[in-house]
Amino acid sequence: MGGTMKLLLRAARGEAVPRPPVWFMRQAGRSLPEYRALRADVGMLESCRRPDLVCEITLQPVRRHKVDAAILFSDIVVPLRAAGIDLDIVAGTGPVVASPVRTADDVAAIRPLEPGDVAFVAEAIRLLLAELGETALIGFAGAPFTLASYLVEGGPSRHHAKTKALMYGAPDVWHALCARLASITRVFLEVQIAAGVDAVQLFDSWAGSLSEADYRRYVLPHSRAVLDGLTVPRIHFGVGTGELLPAMAEAGADVVGVDWRTPLDVAASRVPGKVLQGNLDPCVLTAPWPVVAAETRRVVAEGKKAPGHIFNLGHGVLPETDPDVLTRLVEVVQSS
């Protein structure tokens with residue numbers, strides 16, 4: 001179980017720390033050759049269901065980069081599949097849902113998630129805790145809006161037009177769907193917390209497609225239902241959510257994740273009193289090293305404006321990223 005001495009936990013609680021802890025979203029993944037080798041003949045959802053693979057993939061970036069936190073290797077649709085929804089993760093596309101959810105009957109057909117449905121996640125966490133020592137372990141889940149968008153659209157979407165059509169046109173169906181997804185997500189996170197994760201991150205990847213008013217009306221109550229009262233630090237992250245940061249903080253975040261579009265000193269003024277996480281542009285990692293180092297130091301300096309700062313990218317590691325650059329970046333942050 002997590003102890004208070006872990007650097008990430010201390011930072012997440014706003015305690016004084018000698019430097020920002022550092023980890024990366026999507027650090028266990030396609031940028032690592034050892035990951036690609038392990039996943040060569042294994043589908044994404046199968047790899048998320050095998051505790052031995054989850055453990056090994058989660059540990060790979062800790063060994064290579066010496067990051068201060070591991071994040072459980074998973075996917076936001078894992079609990080949906082475990083609850084019986086017919087979907088798959090198609091290489092090069094993402095999650096694809098066999099029968100999109102569009103009606104009240106479709107929502108009623110989604111069964112609740114039982115802890116036993118995701119026992120493989122708890123087992124993976126037990127394996128990881130035996131290996132991680134003082135490296136924090138972060139749990140993982142997708143937020144109700146983003147999950148709903150995949151279910152309504154049937155897969156990834158650029159404009160979320162079908163999602164918004166349901167949200168605006170059938171708000172009763174929309175709220176019923178999000179309430180069911182919030183319940184599933186809550187159970188998924190509670191299983192991870194009971195197994196021993198130190199903190200959790202809720203990903204609302206697509207919430208940036210909404211206005212603040214729509215977020216507050218259609219999304220915030222459901223994200224709050226997921227996060228309210230969880231017993232470990234809660235990190236809440238979305239993409240393109242600069243205007244939503246205050247509302248996302250209200251949903252229950254102890255740590256507000258910030259993408260690269262909003263400087264951390266600006267974000268600190270929008271969510272006063274909150275610890276921030278972020279926010280180097282992932283594309284910067286493809287630039288010459290002096291640029292990477294300078295931009296990293298800029299983010300560290302801007303993060304000092306917040307009560308606490310966890311260094312991360314502003315979104316996930318890109319597949320074409322040179323792993324050696326990530327390792328060197330960690331060294332810059334850890335020597336700051």
# chains A, B, ... in the order shown; residues from 1 in each chain; ligands from 1
>>> residues_around(residues="Gly314 in chain A", least_positions_apart="5", cutoff="10 Å", atoms="only C-alpha atoms", output="number ranges by chain")
A: 24-25, 237-240, 257-262, 277-283
>>> write_last_selection(atoms="N, CA, C and O atoms", output="PDB file, in the first residue's frame")
ATOM      1  N   PHE A  24       4.847  10.005 -17.201  1.00  0.00           N
ATOM      2  CA  PHE A  24       4.280  10.379 -18.496  1.00  0.00           C
ATOM      3  C   PHE A  24       3.016   9.582 -18.783  1.00  0.00           C
ATOM      4  O   PHE A  24       2.977   8.372 -18.554  1.00  0.00           O
ATOM      5  N   MET A  25       2.012  10.266 -19.293  1.00  0.00           N
ATOM      6  CA  MET A  25       0.853   9.556 -19.816  1.00  0.00           C
ATOM      7  C   MET A  25       1.292   8.761 -21.045  1.00  0.00           C
ATOM      8  O   MET A  25       2.057   9.252 -21.869  1.00  0.00           O
ATOM      9  N   PHE A 237      -7.954  14.706 -15.785  1.00  0.00           N
ATOM     10  CA  PHE A 237      -7.282  15.244 -16.976  1.00  0.00           C
ATOM     11  C   PHE A 237      -8.195  15.204 -18.188  1.00  0.00           C
ATOM     12  O   PHE A 237      -8.917  14.236 -18.410  1.00  0.00           O
ATOM     13  N   GLY A 238      -8.135  16.250 -18.988  1.00  0.00           N
ATOM     14  CA  GLY A 238      -8.799  16.281 -20.282  1.00  0.00           C
ATOM     15  C   GLY A 238      -7.941  17.023 -21.288  1.00  0.00           C
ATOM     16  O   GLY A 238      -6.979  17.703 -20.920  1.00  0.00           O
ATOM     17  N   VAL A 239      -8.297  16.887 -22.547  1.00  0.00           N
ATOM     18  CA  VAL A 239      -7.557  17.536 -23.639  1.00  0.00           C
ATOM     19  C   VAL A 239      -8.362  18.729 -24.142  1.00  0.00           C
ATOM     20  O   VAL A 239      -9.572  18.626 -24.351  1.00  0.00           O
ATOM     21  N   GLY A 240      -7.689  19.861 -24.310  1.00  0.00           N
ATOM     22  CA  GLY A 240      -8.381  21.060 -24.781  1.00  0.00           C
ATOM     23  C   GLY A 240      -9.346  21.619 -23.758  1.00  0.00           C
ATOM     24  O   GLY A 240     -10.373  22.207 -24.105  1.00  0.00           O
ATOM     25  N   GLY A 257      -5.058  17.966 -14.171  1.00  0.00           N
ATOM     26  CA  GLY A 257      -4.182  17.786 -15.319  1.00  0.00           C
ATOM     27  C   GLY A 257      -4.429  18.878 -16.347  1.00  0.00           C
ATOM     28  O   GLY A 257      -5.577  19.236 -16.624  1.00  0.00           O
ATOM     29  N   VAL A 258      -3.333  19.410 -16.904  1.00  0.00           N
ATOM     30  CA  VAL A 258      -3.414  20.537 -17.832  1.00  0.00           C
ATOM     31  C   VAL A 258      -2.720  20.137 -19.132  1.00  0.00           C
ATOM     32  O   VAL A 258      -1.573  19.668 -19.104  1.00  0.00           O
ATOM     33  N   ASP A 259      -3.398  20.305 -20.272  1.00  0.00           N
ATOM     34  CA  ASP A 259      -2.723  19.983 -21.525  1.00  0.00           C
ATOM     35  C   ASP A 259      -1.770  21.122 -21.909  1.00  0.00           C
ATOM     36  O   ASP A 259      -1.648  22.114 -21.191  1.00  0.00           O
ATOM     37  N   TRP A 260      -1.082  20.958 -23.027  1.00  0.00           N
ATOM     38  CA  TRP A 260       0.008  21.901 -23.380  1.00  0.00           C
ATOM     39  C   TRP A 260      -0.486  23.263 -23.829  1.00  0.00           C
ATOM     40  O   TRP A 260       0.296  24.204 -23.935  1.00  0.00           O
ATOM     41  N   ARG A 261      -1.792  23.420 -24.071  1.00  0.00           N
ATOM     42  CA  ARG A 261      -2.291  24.684 -24.613  1.00  0.00           C
ATOM     43  C   ARG A 261      -2.353  25.797 -23.568  1.00  0.00           C
ATOM     44  O   ARG A 261      -2.358  26.975 -23.925  1.00  0.00           O
ATOM     45  N   THR A 262      -2.436  25.433 -22.304  1.00  0.00           N
ATOM     46  CA  THR A 262      -2.583  26.412 -21.221  1.00  0.00           C
ATOM     47  C   THR A 262      -1.334  26.394 -20.346  1.00  0.00           C
ATOM     48  O   THR A 262      -1.056  25.378 -19.708  1.00  0.00           O
ATOM     49  N   GLN A 277      -0.840  19.120 -12.824  1.00  0.00           N
ATOM     50  CA  GLN A 277      -0.033  18.109 -13.494  1.00  0.00           C
ATOM     51  C   GLN A 277       0.131  18.492 -14.958  1.00  0.00           C
ATOM     52  O   GLN A 277      -0.837  18.855 -15.621  1.00  0.00           O
ATOM     53  N   GLY A 278       1.323  18.421 -15.464  1.00  0.00           N
ATOM     54  CA  GLY A 278       1.586  18.692 -16.875  1.00  0.00           C
ATOM     55  C   GLY A 278       2.947  19.334 -17.056  1.00  0.00           C
ATOM     56  O   GLY A 278       3.757  19.363 -16.140  1.00  0.00           O
ATOM     57  N   ASN A 279       3.160  19.993 -18.236  1.00  0.00           N
ATOM     58  CA  ASN A 279       2.281  19.959 -19.387  1.00  0.00           C
ATOM     59  C   ASN A 279       3.061  20.226 -20.660  1.00  0.00           C
ATOM     60  O   ASN A 279       2.649  20.998 -21.519  1.00  0.00           O
ATOM     61  N   LEU A 280       4.229  19.577 -20.797  1.00  0.00           N
ATOM     62  CA  LEU A 280       5.069  19.736 -21.979  1.00  0.00           C
ATOM     63  C   LEU A 280       4.356  19.165 -23.208  1.00  0.00           C
ATOM     64  O   LEU A 280       3.819  18.058 -23.166  1.00  0.00           O
ATOM     65  N   ASP A 281       4.366  19.916 -24.308  1.00  0.00           N
ATOM     66  CA  ASP A 281       3.778  19.440 -25.561  1.00  0.00           C
ATOM     67  C   ASP A 281       4.504  18.161 -25.986  1.00  0.00           C
ATOM     68  O   ASP A 281       5.728  18.164 -26.147  1.00  0.00           O
ATOM     69  N   PRO A 282       3.783  17.044 -26.192  1.00  0.00           N
ATOM     70  CA  PRO A 282       4.456  15.798 -26.589  1.00  0.00           C
ATOM     71  C   PRO A 282       5.296  15.945 -27.858  1.00  0.00           C
ATOM     72  O   PRO A 282       6.297  15.244 -28.027  1.00  0.00           O
ATOM     73  N   CYS A 283       4.903  16.867 -28.750  1.00  0.00           N
ATOM     74  CA  CYS A 283       5.646  17.049 -29.995  1.00  0.00           C
ATOM     75  C   CYS A 283       7.021  17.668 -29.761  1.00  0.00           C
ATOM     76  O   CYS A 283       7.920  17.523 -30.600  1.00  0.00           O
TER      77      CYS A 283
END
>>> residues_around(residues="Leu210 in chain A", least_positions_apart="3", cutoff="10 Å", atoms="only C-alpha atoms", output="PyMOL selection string")
chain A and resi 160+164+206-207+213-216+218-219+240-241+243-244
>>> closest_residue(among="A:Val42, A:Ala165, A:Ala182, A:Leu7", to="Asp68 in chain A", atoms="only C-alpha atoms")
A:Leu7
>>> residues_around(residues="range 320-330 of chain A", least_positions_apart="2", cutoff="7 Å", atoms="only C-alpha atoms", output="PDB file with N, CA and C atoms, in the first residue's frame")
ATOM      1  N   VAL A  22       7.909  13.119 -11.580  1.00  0.00           N
ATOM      2  CA  VAL A  22       7.708  13.089 -13.030  1.00  0.00           C
ATOM      3  C   VAL A  22       7.265  11.696 -13.462  1.00  0.00           C
ATOM      4  N   SER A  31       6.041   3.747 -27.791  1.00  0.00           N
ATOM      5  CA  SER A  31       7.374   4.303 -28.007  1.00  0.00           C
ATOM      6  C   SER A  31       8.480   3.349 -27.559  1.00  0.00           C
ATOM      7  N   LEU A  32       8.132   2.299 -26.804  1.00  0.00           N
ATOM      8  CA  LEU A  32       9.151   1.396 -26.260  1.00  0.00           C
ATOM      9  C   LEU A  32       9.277   0.127 -27.108  1.00  0.00           C
ATOM     10  N   HIS A  65      13.142   4.516 -17.654  1.00  0.00           N
ATOM     11  CA  HIS A  65      13.200   5.970 -17.493  1.00  0.00           C
ATOM     12  C   HIS A  65      13.420   6.416 -16.057  1.00  0.00           C
ATOM     13  N   VAL A  67      11.125   6.859 -13.832  1.00  0.00           N
ATOM     14  CA  VAL A  67      10.058   7.796 -13.477  1.00  0.00           C
ATOM     15  C   VAL A  67       9.625   7.583 -12.030  1.00  0.00           C
ATOM     16  N   LEU A 285       9.182  16.665 -27.887  1.00  0.00           N
ATOM     17  CA  LEU A 285      10.151  15.588 -27.736  1.00  0.00           C
ATOM     18  C   LEU A 285      10.788  15.173 -29.054  1.00  0.00           C
ATOM     19  N   THR A 286      10.239  15.630 -30.168  1.00  0.00           N
ATOM     20  CA  THR A 286      10.845  15.339 -31.474  1.00  0.00           C
ATOM     21  C   THR A 286      11.807  16.447 -31.905  1.00  0.00           C
ATOM     22  N   ALA A 293      15.257  20.319 -23.489  1.00  0.00           N
ATOM     23  CA  ALA A 293      15.735  20.662 -22.149  1.00  0.00           C
ATOM     24  C   ALA A 293      15.222  22.032 -21.719  1.00  0.00           C
ATOM     25  N   VAL A 317       2.520  10.169 -24.641  1.00  0.00           N
ATOM     26  CA  VAL A 317       3.745  10.021 -25.420  1.00  0.00           C
ATOM     27  C   VAL A 317       3.386   9.573 -26.832  1.00  0.00           C
ATOM     28  N   LEU A 318       3.940  10.243 -27.829  1.00  0.00           N
ATOM     29  CA  LEU A 318       3.693   9.857 -29.221  1.00  0.00           C
ATOM     30  C   LEU A 318       4.494   8.600 -29.564  1.00  0.00           C
ATOM     31  N   VAL A 332      16.526  15.630 -16.299  1.00  0.00           N
ATOM     32  CA  VAL A 332      16.459  17.095 -16.164  1.00  0.00           C
ATOM     33  C   VAL A 332      15.503  17.472 -15.035  1.00  0.00           C
ATOM     34  N   VAL A 333      14.312  16.868 -15.022  1.00  0.00           N
ATOM     35  CA  VAL A 333      13.334  17.205 -13.976  1.00  0.00           C
ATOM     36  C   VAL A 333      13.851  16.801 -12.605  1.00  0.00           C
ATOM     37  N   GLN A 334      14.442  15.625 -12.520  1.00  0.00           N
ATOM     38  CA  GLN A 334      14.894  15.122 -11.222  1.00  0.00           C
ATOM     39  C   GLN A 334      16.117  15.865 -10.691  1.00  0.00           C
TER      40      GLN A 334
END
>>> select_by_dssp(residues="range 140-289 of chain A", states="strand (DSSP E)", output="list in words")
Phe140, Ala141, Gly142, Ala199, Val200, Gln201, Leu202, Phe203, Asp204, Arg234, Ile235, His236, Phe237, Gly238, Val255, Val256, Gly257, Val275, Leu276, Gln277, Gly278, Asn279 and Leu280 of chain A
>>> closest_residue(among="A:Leu276, A:Ile71, A:Ala91, A:Val266", to="Met44 in chain A", atoms="only C-alpha atoms")
A:Ala91
>>> residues_around(residues="Arg30 in chain A", least_positions_apart="5", cutoff="7 Å", atoms="only C-alpha atoms", output="PyMOL selection string")
chain A and resi 35-36+319
>>> residues_around(residues="Pro246 in chain A", least_positions_apart="5", cutoff="10 Å", atoms="only C-alpha atoms", output="ChimeraX atom specification")
/A:212,241,251,253,256,267,269-272,274
>>> write_last_selection(atoms="all heavy atoms", output="short mmCIF file (atom, residue, chain, number, x, y, z; two decimals), in the first residue's frame")
data_model
loop_
_atom_site.label_atom_id
_atom_site.label_comp_id
_atom_site.auth_asym_id
_atom_site.auth_seq_id
_atom_site.Cartn_x
_atom_site.Cartn_y
_atom_site.Cartn_z
N GLU A 212 -18.20 25.39 -21.30
CA GLU A 212 -18.24 25.23 -19.85
C GLU A 212 -19.68 25.01 -19.36
O GLU A 212 -19.93 24.19 -18.47
CB GLU A 212 -17.64 26.44 -19.15
CG GLU A 212 -17.58 26.25 -17.64
CD GLU A 212 -17.08 27.46 -16.88
OE1 GLU A 212 -16.87 28.52 -17.49
OE2 GLU A 212 -16.92 27.35 -15.65
N THR A 241 -9.02 21.47 -22.48
CA THR A 241 -9.95 21.81 -21.41
C THR A 241 -9.54 23.06 -20.63
O THR A 241 -9.96 23.25 -19.48
CB THR A 241 -10.10 20.63 -20.43
OG1 THR A 241 -8.79 20.21 -20.01
CG2 THR A 241 -10.80 19.46 -21.09
N ALA A 251 -15.25 18.88 -9.95
CA ALA A 251 -15.75 17.51 -10.07
C ALA A 251 -15.09 16.57 -9.06
O ALA A 251 -15.55 15.44 -8.88
CB ALA A 251 -15.53 16.99 -11.49
N ALA A 253 -11.28 16.85 -8.29
CA ALA A 253 -9.85 16.67 -8.50
C ALA A 253 -9.03 17.21 -7.33
O ALA A 253 -9.24 18.33 -6.90
CB ALA A 253 -9.43 17.37 -9.79
N VAL A 256 -5.21 18.73 -10.87
CA VAL A 256 -5.83 19.05 -12.15
C VAL A 256 -4.79 18.88 -13.26
O VAL A 256 -3.76 19.56 -13.26
CB VAL A 256 -6.38 20.49 -12.15
CG1 VAL A 256 -7.00 20.81 -13.51
CG2 VAL A 256 -7.42 20.66 -11.05
N ALA A 267 -2.92 28.34 -15.66
CA ALA A 267 -3.81 27.35 -15.05
C ALA A 267 -3.89 27.54 -13.54
O ALA A 267 -4.97 27.39 -12.94
CB ALA A 267 -3.35 25.94 -15.40
N SER A 269 -3.78 30.21 -11.88
CA SER A 269 -4.68 31.32 -11.55
C SER A 269 -6.14 30.94 -11.75
O SER A 269 -7.03 31.54 -11.15
CB SER A 269 -4.33 32.54 -12.41
OG SER A 269 -4.66 32.34 -13.76
N ARG A 270 -6.41 29.94 -12.59
CA ARG A 270 -7.79 29.51 -12.86
C ARG A 270 -8.30 28.54 -11.80
O ARG A 270 -9.51 28.45 -11.57
CB ARG A 270 -7.88 28.86 -14.25
CG ARG A 270 -7.61 29.85 -15.38
CD ARG A 270 -7.79 29.22 -16.74
NE ARG A 270 -7.47 30.19 -17.79
CZ ARG A 270 -7.50 29.94 -19.10
NH1 ARG A 270 -7.84 28.72 -19.52
NH2 ARG A 270 -7.21 30.88 -19.97
N VAL A 271 -7.39 27.77 -11.21
CA VAL A 271 -7.79 26.80 -10.17
C VAL A 271 -6.92 27.03 -8.93
O VAL A 271 -6.11 26.17 -8.57
CB VAL A 271 -7.72 25.34 -10.67
CG1 VAL A 271 -8.87 25.05 -11.61
CG2 VAL A 271 -6.39 25.06 -11.37
N PRO A 272 -7.07 28.19 -8.29
CA PRO A 272 -6.21 28.50 -7.15
C PRO A 272 -6.34 27.44 -6.05
O PRO A 272 -7.43 26.94 -5.77
CB PRO A 272 -6.74 29.86 -6.67
CG PRO A 272 -8.10 30.00 -7.28
CD PRO A 272 -8.06 29.26 -8.55
N LYS A 274 -5.10 24.44 -6.18
CA LYS A 274 -5.02 23.07 -6.68
C LYS A 274 -3.60 22.73 -7.15
O LYS A 274 -2.92 23.55 -7.75
CB LYS A 274 -5.98 22.87 -7.86
CG LYS A 274 -7.45 22.90 -7.48
CD LYS A 274 -7.84 21.67 -6.67
CE LYS A 274 -9.34 21.66 -6.37
NZ LYS A 274 -9.72 20.48 -5.56
#
>>> select_by_dssp(residues="range 62-128 of chain A", states="alpha helix (DSSP H)", output="PDB file with N, CA, C and O atoms, in the first residue's frame")
ATOM      1  N   VAL A  62       9.292   2.274 -15.888  1.00  0.00           N
ATOM      2  CA  VAL A  62       9.924   2.530 -14.592  1.00  0.00           C
ATOM      3  C   VAL A  62      11.380   2.079 -14.641  1.00  0.00           C
ATOM      4  O   VAL A  62      12.295   2.784 -14.203  1.00  0.00           O
ATOM      5  N   ARG A  63      11.598   0.904 -15.221  1.00  0.00           N
ATOM      6  CA  ARG A  63      12.964   0.396 -15.345  1.00  0.00           C
ATOM      7  C   ARG A  63      13.797   1.283 -16.274  1.00  0.00           C
ATOM      8  O   ARG A  63      14.947   1.604 -15.975  1.00  0.00           O
ATOM      9  N   ARG A  64      13.217   1.654 -17.401  1.00  0.00           N
ATOM     10  CA  ARG A  64      13.986   2.360 -18.415  1.00  0.00           C
ATOM     11  C   ARG A  64      14.198   3.827 -18.067  1.00  0.00           C
ATOM     12  O   ARG A  64      15.304   4.354 -18.197  1.00  0.00           O
ATOM     13  N   HIS A  65      13.142   4.516 -17.654  1.00  0.00           N
ATOM     14  CA  HIS A  65      13.200   5.970 -17.493  1.00  0.00           C
ATOM     15  C   HIS A  65      13.420   6.416 -16.057  1.00  0.00           C
ATOM     16  O   HIS A  65      13.686   7.599 -15.823  1.00  0.00           O
ATOM     17  N   VAL A  78     -11.778  -1.031 -21.025  1.00  0.00           N
ATOM     18  CA  VAL A  78     -11.675  -2.328 -20.340  1.00  0.00           C
ATOM     19  C   VAL A  78     -12.885  -2.608 -19.440  1.00  0.00           C
ATOM     20  O   VAL A  78     -13.464  -3.702 -19.506  1.00  0.00           O
ATOM     21  N   PRO A  79     -13.318  -1.663 -18.596  1.00  0.00           N
ATOM     22  CA  PRO A  79     -14.483  -1.980 -17.756  1.00  0.00           C
ATOM     23  C   PRO A  79     -15.776  -2.117 -18.563  1.00  0.00           C
ATOM     24  O   PRO A  79     -16.684  -2.838 -18.138  1.00  0.00           O
ATOM     25  N   LEU A  80     -15.879  -1.435 -19.698  1.00  0.00           N
ATOM     26  CA  LEU A  80     -17.073  -1.588 -20.537  1.00  0.00           C
ATOM     27  C   LEU A  80     -17.138  -3.000 -21.106  1.00  0.00           C
ATOM     28  O   LEU A  80     -18.194  -3.645 -21.100  1.00  0.00           O
ATOM     29  N   ARG A  81     -16.007  -3.480 -21.608  1.00  0.00           N
ATOM     30  CA  ARG A  81     -15.957  -4.849 -22.126  1.00  0.00           C
ATOM     31  C   ARG A  81     -16.252  -5.844 -20.998  1.00  0.00           C
ATOM     32  O   ARG A  81     -16.978  -6.825 -21.188  1.00  0.00           O
ATOM     33  N   ALA A  82     -15.699  -5.578 -19.812  1.00  0.00           N
ATOM     34  CA  ALA A  82     -15.925  -6.476 -18.679  1.00  0.00           C
ATOM     35  C   ALA A  82     -17.386  -6.493 -18.260  1.00  0.00           C
ATOM     36  O   ALA A  82     -17.873  -7.490 -17.712  1.00  0.00           O
ATOM     37  N   ALA A 104     -33.077   4.713 -24.827  1.00  0.00           N
ATOM     38  CA  ALA A 104     -33.244   4.318 -23.431  1.00  0.00           C
ATOM     39  C   ALA A 104     -33.116   2.803 -23.273  1.00  0.00           C
ATOM     40  O   ALA A 104     -32.553   2.320 -22.281  1.00  0.00           O
ATOM     41  N   ASP A 105     -33.621   2.046 -24.242  1.00  0.00           N
ATOM     42  CA  ASP A 105     -33.491   0.587 -24.176  1.00  0.00           C
ATOM     43  C   ASP A 105     -32.031   0.166 -24.272  1.00  0.00           C
ATOM     44  O   ASP A 105     -31.605  -0.786 -23.596  1.00  0.00           O
ATOM     45  N   ASP A 106     -31.267   0.857 -25.114  1.00  0.00           N
ATOM     46  CA  ASP A 106     -29.831   0.556 -25.221  1.00  0.00           C
ATOM     47  C   ASP A 106     -29.134   0.778 -23.882  1.00  0.00           C
ATOM     48  O   ASP A 106     -28.279  -0.013 -23.468  1.00  0.00           O
ATOM     49  N   VAL A 107     -29.504   1.865 -23.216  1.00  0.00           N
ATOM     50  CA  VAL A 107     -28.893   2.164 -21.912  1.00  0.00           C
ATOM     51  C   VAL A 107     -29.290   1.105 -20.891  1.00  0.00           C
ATOM     52  O   VAL A 107     -28.450   0.606 -20.124  1.00  0.00           O
ATOM     53  N   ALA A 108     -30.557   0.743 -20.879  1.00  0.00           N
ATOM     54  CA  ALA A 108     -31.048  -0.238 -19.909  1.00  0.00           C
ATOM     55  C   ALA A 108     -30.355  -1.583 -20.077  1.00  0.00           C
ATOM     56  O   ALA A 108     -30.263  -2.368 -19.122  1.00  0.00           O
ATOM     57  N   ALA A 119     -11.405  -8.838 -11.769  1.00  0.00           N
ATOM     58  CA  ALA A 119     -10.465  -9.422 -10.804  1.00  0.00           C
ATOM     59  C   ALA A 119      -9.049  -9.451 -11.366  1.00  0.00           C
ATOM     60  O   ALA A 119      -8.073  -9.374 -10.607  1.00  0.00           O
ATOM     61  N   PHE A 120      -8.929  -9.529 -12.695  1.00  0.00           N
ATOM     62  CA  PHE A 120      -7.607  -9.550 -13.322  1.00  0.00           C
ATOM     63  C   PHE A 120      -6.842  -8.254 -13.058  1.00  0.00           C
ATOM     64  O   PHE A 120      -5.599  -8.264 -12.978  1.00  0.00           O
ATOM     65  N   VAL A 121      -7.564  -7.148 -12.897  1.00  0.00           N
ATOM     66  CA  VAL A 121      -6.908  -5.867 -12.594  1.00  0.00           C
ATOM     67  C   VAL A 121      -6.351  -5.888 -11.171  1.00  0.00           C
ATOM     68  O   VAL A 121      -5.209  -5.469 -10.924  1.00  0.00           O
ATOM     69  N   ALA A 122      -7.140  -6.370 -10.242  1.00  0.00           N
ATOM     70  CA  ALA A 122      -6.666  -6.464  -8.860  1.00  0.00           C
ATOM     71  C   ALA A 122      -5.447  -7.372  -8.760  1.00  0.00           C
ATOM     72  O   ALA A 122      -4.493  -7.072  -8.028  1.00  0.00           O
ATOM     73  N   GLU A 123      -5.455  -8.467  -9.502  1.00  0.00           N
ATOM     74  CA  GLU A 123      -4.308  -9.375  -9.473  1.00  0.00           C
ATOM     75  C   GLU A 123      -3.057  -8.704 -10.052  1.00  0.00           C
ATOM     76  O   GLU A 123      -1.958  -8.833  -9.510  1.00  0.00           O
ATOM     77  N   ALA A 124      -3.221  -7.950 -11.134  1.00  0.00           N
ATOM     78  CA  ALA A 124      -2.080  -7.234 -11.721  1.00  0.00           C
ATOM     79  C   ALA A 124      -1.498  -6.230 -10.724  1.00  0.00           C
ATOM     80  O   ALA A 124      -0.273  -6.076 -10.618  1.00  0.00           O
ATOM     81  N   ILE A 125      -2.369  -5.553  -9.998  1.00  0.00           N
ATOM     82  CA  ILE A 125      -1.900  -4.571  -9.008  1.00  0.00           C
ATOM     83  C   ILE A 125      -1.129  -5.264  -7.895  1.00  0.00           C
ATOM     84  O   ILE A 125      -0.079  -4.768  -7.455  1.00  0.00           O
ATOM     85  N   ARG A 126      -1.603  -6.420  -7.465  1.00  0.00           N
ATOM     86  CA  ARG A 126      -0.874  -7.162  -6.429  1.00  0.00           C
ATOM     87  C   ARG A 126       0.524  -7.531  -6.911  1.00  0.00           C
ATOM     88  O   ARG A 126       1.510  -7.430  -6.161  1.00  0.00           O
ATOM     89  N   LEU A 127       0.636  -7.958  -8.167  1.00  0.00           N
ATOM     90  CA  LEU A 127       1.952  -8.284  -8.735  1.00  0.00           C
ATOM     91  C   LEU A 127       2.843  -7.036  -8.780  1.00  0.00           C
ATOM     92  O   LEU A 127       4.035  -7.100  -8.452  1.00  0.00           O
ATOM     93  N   LEU A 128       2.252  -5.907  -9.154  1.00  0.00           N
ATOM     94  CA  LEU A 128       3.026  -4.673  -9.286  1.00  0.00           C
ATOM     95  C   LEU A 128       3.532  -4.163  -7.944  1.00  0.00           C
ATOM     96  O   LEU A 128       4.681  -3.720  -7.834  1.00  0.00           O
TER      97      LEU A 128
END
>>> residues_around(residues="Gly142 in chain A", least_positions_apart="3", cutoff="9 Å", atoms="only C-alpha atoms", output="ChimeraX atom specification")
/A:75-77,145-147,185,201-205
>>> closest_residue(among="A:Val101, A:Ser209, A:Gly14, A:Glu131", to="Glu56 in chain A", atoms="only C-alpha atoms")
A:Glu131
>>> atom_distance(atom1="CA of Val197 in chain A", atom2="CA of Val118 in chain A")
14.8 Å
>>> residues_around(residues="Asp88 in chain A", least_positions_apart="5", cutoff="7 Å", atoms="only C-alpha atoms", output="PyMOL selection string")
chain A and resi 95-97
>>> atom_distance(atom1="CA of Gln192 in chain A", atom2="CA of Ala83 in chain A")
16.1 Å
>>> closest_residue(among="A:Arg158, A:Arg10, A:Arg26, A:Arg234", to="Asn312 in chain A", atoms="only C-alpha atoms")
A:Arg26
>>> atom_distance(atom1="CA of Ala176 in chain A", atom2="CA of Leu245 in chain A")
24.8 Å
